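Student: Sending over a structure as structure tokens; questions will come in a sec.
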There are 2 protein chains.
Amino acid sequence: MQNPKDYIDQHKDRFINELIELLKIPSVSADSAFAKATHQTASVVAESLRKAGCDCVEICETPGYPIVYADKIIDPELPTVLVYGHYDVQPPDPVELWDSPPFEPVVKKTELHPDGAIYARGACDDKGQMYMHVKAMEYMTANDQLPCNVKFMIEGEEEVGSENLAWYVERNQEKLANDVILISDTGMIANDIPSITTGLRGLSYVEVEVTGPNRDLHSGLYGGAVANPINVLAKMIASLHDENNHITVKGFYDKVEELSTAEREKMAEAPFSLENYKKALDIDAVYGEKGYTTNERNSIRPTLDVNGIWGGYTGEGAKTVIASKAYAKISMRLVPNQDWKEITELFKTHFESIAPAGVKVKVSPHHGGQGYVTPIDNIAYQAAEKAYEKTFGKSPIPQRSGGSIPIVALFEKELKSKTILMGFGLDSDAIHSPNEHFGIWNYLKGIETIPYFYEYFTEMS
Amino acid sequence: MQNPKDYIDQHKDRFINELIELLKIPSVSADSAFAKATHQTASVVAESLRKAGCDCVEICETPGYPIVYADKIIDPELPTVLVYGHYDVQPPDPVELWDSPPFEPVVKKTELHPDGAIYARGACDDKGQMYMHVKAMEYMTANDQLPCNVKFMIEGEEEVGSENLAWYVERNQEKLANDVILISDTGMIANDIPSITTGLRGLSYVEVEVTGPNRDLHSGLYGGAVANPINVLAKMIASLHDENNHITVKGFYDKVEELSTAEREKMAEAPFSLENYKKALDIDAVYGEKGYTTNERNSIRPTLDVNGIWGGYTGEGAKTVIASKAYAKISMRLVPNQDWKEITELFKTHFESIAPAGVKVKVSPHHGGQGYVTPIDNIAYQAAEKAYEKTFGKSPIPQRSGGSIPIVALFEKELKSKTILMGFGLDSDAIHSPNEHFGIWNYLKGIETIPYFYEYFTEMS
């Protein structure tokens with residue numbers, strides 16, 4: 001195939017500006033206040049796919065936010081790549097920690113991104129990485145370089161559990177039939193150390209509510225005499241990890257896949273500096289499950305973290321009150337073989353069982369998904385590997401990610417095809433955090449690499 | 001003295017309406033958003049004291065909210081009563097739990113208040129109880145029944161620690177010279193079981209901040225590998241009580257006054273139904289320090305309660321984030337002999353010492369105050385006792401309260417006089433809670449009882 005570089009150089013300003021326009025729309029799926037913008041984003045994505053050369057473009061309604069479907073079938077005999085991505089983004093909170101407004105993208109040069117990075121919510125996760133595929137498609141159709149059939153499925157509920165995508169996939173197996181699923185919603189180790197994500201953690205996300213007295217109480221008149229829901233919630237959360245930071249939920253580890261020493265040794269070869277890691281986060285020590293390294297803790301081991309907690313008086317000054325209720329949002333990252341629905345049940349049973357007399361506890365499951373592992377011996381992985389070698393000049397490292405894309409396991413189950421996770425972001429891109437950004441070099445490198453995957457995958461099929 | 005009843009009956013509608021007008025002004029001292037209203041409340045209180053017959057009325061500026069001072073000196077040879085109260089109120093949060101807006105007072109009849117109760121923030125604490133003294137003053141001056149000298153000192157920062165009242169008292173000892181201090185900012189057991197508060201707990205109120213990574217992190221990429229400030233804060237809070245609900249802060253109990261068995265037996269005589277207590281709060285069990293009864297836990301024992309906690313994502317839906325920071329507001333109720341400044345230091349030292357590697361901890365003292373005990377063998381207490389006997393037809397029970405009026409200990413130190421706590425509210429009045437209210441019967445009963453205290457105290461002096 002002709003080198004995409006010239007076309008990219010010629011059009012890169014437009015590629016960047018189109019992405020910036022897309023990032024201006026606050027498609028926060030978790031918060032219904034952004035419903036209008038989220039719907040609008042679907043239309044913008046659909047239009048961009050039409051312009052990129054797709055023949056059939058649909059906005060498919062679901063019980064939630066619509067799914068944008070598009071395809072270009074050049075020859076039923078040729079293999080078909082299904083591209084998945086999402087147009088929704090995480091909430092921008094805490095907004096006050098952003099250096100620039102989350103939905104007013106700015107380009108800034110940084111040490112890691114000398115060519116500049118685009119700062120905005122969704123810049124990397126996943127609007128930026130999803131849009132690489134749209135622009136790669138444009139390149140291939142505009143230059144008659146498309147070697148196979150392509151289908152796009154871009155959803156708007158990834159950040160809230162993809163419930164309706166599952167609903168959609170189950171109902172459209174024929175339409176979505178493909179030979180491989182291609183996703184850019186993960187990262188790589190560094191710009192000079194390309195890597196391909198071969199594993200994802202599963203997820204179970206729950207919200208808990210602890211109710212004590214039927215109303216807020218004066219802490220002087222009742223303090224010490226009734227169960228304080230906040231103190232109780234703190235005790236319950238504290239008890240979820242033991243002194244070795246093992247999770248105490250009964251049965252939690254029963255199905256956890258234990259890696260062999262060989263596998264762990266291979267993992268340990270990936271370049272990693274604990275000093276730089278601590279420096280980047282400004283922490284004096286790491287923290288986690290005894291017996292595992294940092295990279296193991298955040299990839300091959302399951303975890304339990306409180307993502308949010310609230311209760312009582314949180315305003316300015318002081319209020320001497322015992323709250324009637326306290327709440328927490330808790331998520332568990334799961335590893336292959338742990339079933340998220342089973343873990344959610346185990347958590348619910350355990351958490352309810354540790355509630356002391358004097359309080360009532362409610363556990364509400366939010367959403368979840370299974371973990372996933374990509375075998376590196378199939379042609380799809382090898383095609384991706386070759387594409388990276390072509391554009392990065394070196395072979396990518398297979399890497400387990402700690403993140404979750406719950407839908408991937410479902411794709412394999414429903415569509416019977418493997419998923420390749422070609423991520424071009426960096427851990428330092430601050431996805432899900434204030435000042436999320438995406439390197440322009442990474443954005444363009446993705447657009448350059450993707451067409452080669454199509455070429456090699458078609459050749460090898 | 002002539003019975004105040006007739007005058008009260010004649011003017012009670014006006015007495016109620018004047019209080020309702022006062023309650024409409026949102027004088028929330030904890031929140032600077034209410035600064036204007038809080039200042040306005042001071043002027044309204046000053047005006048009401050002028051109308052009640054005080055000769056000299058001043059609004060005394062302080063570094064914070066002003067103190068309203070007023071007096072009527074009829075004869076320097078006669079004893080002087082100093083009335084203390086506060087015109088500021090607690091924040092109304094959580095506003096959504098109020099049945100009617102906190103600053104739009106409504107009168108409703110209830111089982112406990114067949115004559116109706118006024119529902120509004122501050123109805124009981126302390127605008128309602130403070131205003132009883134203004135109306136009692138009006139009665140005495142309008143009917144030539146004032147037997148002694150009176151001074152009023154009404155502050156606007158009681159709910160945030162009375163810092164500037166201390167500042168004011170230290171600078172105005174001559175002006176505030178008195179023979180007894182009279183306060184209605186406590187409760188009584190029941191309308192048919194009058195009681196006088198003879199003890200108050202001290203208070204130490206702090207805010208803690210736990211900082212982990214320097215930014216919010218993706219819980220998938222970092223979960224399990226770095227200290228999560230919310231999990232850590234929960235563990236730290238949980239460790240502040242042991243399995244017997246003793247507070248683990250080193251040295252916390254060193255100076256705690258231990259009551260004799262005889263004293264505890266006398267306390268136990270006060271009418272109390274644990275069943276009704278649990279029923280009123282809709283809890284299946286009480287909770288607290290091992291070895292003490294509910295009434296001991298909330299009066300003669302020190303306590304530690306989290307009054308507010310927050311961190312991470314607390315909005316709608318789910319966000320898979322590890323917060324950079326987590327916060328809690330923590331207050332400790334102290335008993336006589338515990339010095340609040342010393343306890344605050346002990347807490348700070350202890351809390352910082354239990355922080356694990358990987359986080360930074362900051363403890364910021366908010367405010368505090370010493371506990372206090374009134375001897376029941378002095379004439380002031382006896383005058384109060386006689387006044388209750390006159391208007392309630394039965395002798396009041398001396399009762400230790402779990403609440404705190406930090407300034408009372410300071411009054412004794414600076415002004416060398418004892419304080420009598422004549423409270424007419426009920427525990428069920430929900431002070432500091434949504435739907436705070438004050439019984440109209442209690443309001444009028446207070447106005448009726450107070451003049452008798454003046455009479456008896458003057459006679460006995």
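Note on naming: chains are A, B, ... as they come in the structure tokens, residues start from 1 per chain, ligands start from 1 in the order shown.
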Pick out the chain A residues within 6 Å of chain B. Count only C-alpha atoms. Give them as a ChimeraX atom specification.

Tutor: /A:30-31,213-214,216-218,220-227,234-235,238,281-288,294,297-298,303,307-314,316-317,321-322,357-358,402-403,432-433

Student: Using only C-alpha atoms, please write the residues we just selected to a file, as a tab-separated table (two decimals), in the first residue's frame.

Tutor:
chain	number	residue	atom	x	y	z
A	30	ALA	CA	-23.41	9.29	33.09
A	31	ASP	CA	-25.28	12.54	33.63
A	213	PRO	CA	-31.40	6.95	62.26
A	214	ASN	CA	-34.40	8.08	60.23
A	216	ASP	CA	-30.02	13.70	60.70
A	217	LEU	CA	-29.30	14.06	64.41
A	218	HIS	CA	-27.53	16.56	66.65
A	220	GLY	CA	-24.14	16.33	70.85
A	221	LEU	CA	-27.46	14.91	71.90
A	222	TYR	CA	-27.05	11.57	70.08
A	223	GLY	CA	-23.29	11.29	69.53
A	224	GLY	CA	-21.92	8.04	70.90
A	225	ALA	CA	-25.37	6.56	71.50
A	226	VAL	CA	-26.49	5.59	67.99
A	227	ALA	CA	-24.66	4.01	65.05
A	234	ALA	CA	-15.88	3.56	57.02
A	235	LYS	CA	-15.54	0.45	59.20
A	238	ALA	CA	-11.95	-0.77	55.84
A	281	LEU	CA	2.10	10.66	40.85
A	282	ASP	CA	4.00	12.54	43.57
A	283	ILE	CA	3.69	9.66	46.04
A	284	ASP	CA	6.37	8.46	48.44
A	285	ALA	CA	5.35	4.81	48.19
A	286	VAL	CA	3.15	2.48	46.17
A	287	TYR	CA	0.49	0.44	47.92
A	288	GLY	CA	-1.24	-2.78	47.12
A	294	THR	CA	2.97	-2.71	40.77
A	297	ARG	CA	-1.33	-5.33	40.86
A	298	ASN	CA	-2.80	-3.18	38.11
A	303	THR	CA	-8.86	-5.00	42.93
A	307	ASN	CA	-14.58	5.63	43.57
A	308	GLY	CA	-16.70	8.04	45.56
A	309	ILE	CA	-17.97	8.54	49.09
A	310	TRP	CA	-20.35	11.06	50.61
A	311	GLY	CA	-22.48	11.68	53.65
A	312	GLY	CA	-23.30	14.30	56.28
A	313	TYR	CA	-22.28	17.93	56.06
A	314	THR	CA	-19.72	18.64	53.36
A	316	GLU	CA	-18.11	25.26	54.27
A	317	GLY	CA	-17.43	25.44	58.00
A	321	VAL	CA	-24.58	16.44	62.83
A	322	ILE	CA	-24.94	12.69	62.67
A	357	ALA	CA	-27.04	-3.86	64.19
A	358	GLY	CA	-28.35	-0.29	64.21
A	402	GLY	CA	-5.74	-2.98	34.08
A	403	GLY	CA	-8.61	-1.23	32.39
A	432	HIS	CA	-10.94	9.88	33.48
A	433	SER	CA	-9.02	12.70	35.20

Student: Among stretch 30-266 of chain B, which ones does DSSP assign to strand (DSSP E) (computed from the backbone)? Answer as number ranges by chain.

Tutor: B: 56-60, 67-72, 80-86, 106-108, 117-119, 149-155, 180-183, 187-188, 195-200, 202-211, 217-218

Student: What does the distance from atom CA of A:Asp71 to atom CA of A:Asp185 come to in Å, to one decimal?

Tutor: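 Spanning atom CA of A:Asp71 to atom CA of A:Asp185 is a straight-line distance of 20.1 Å.
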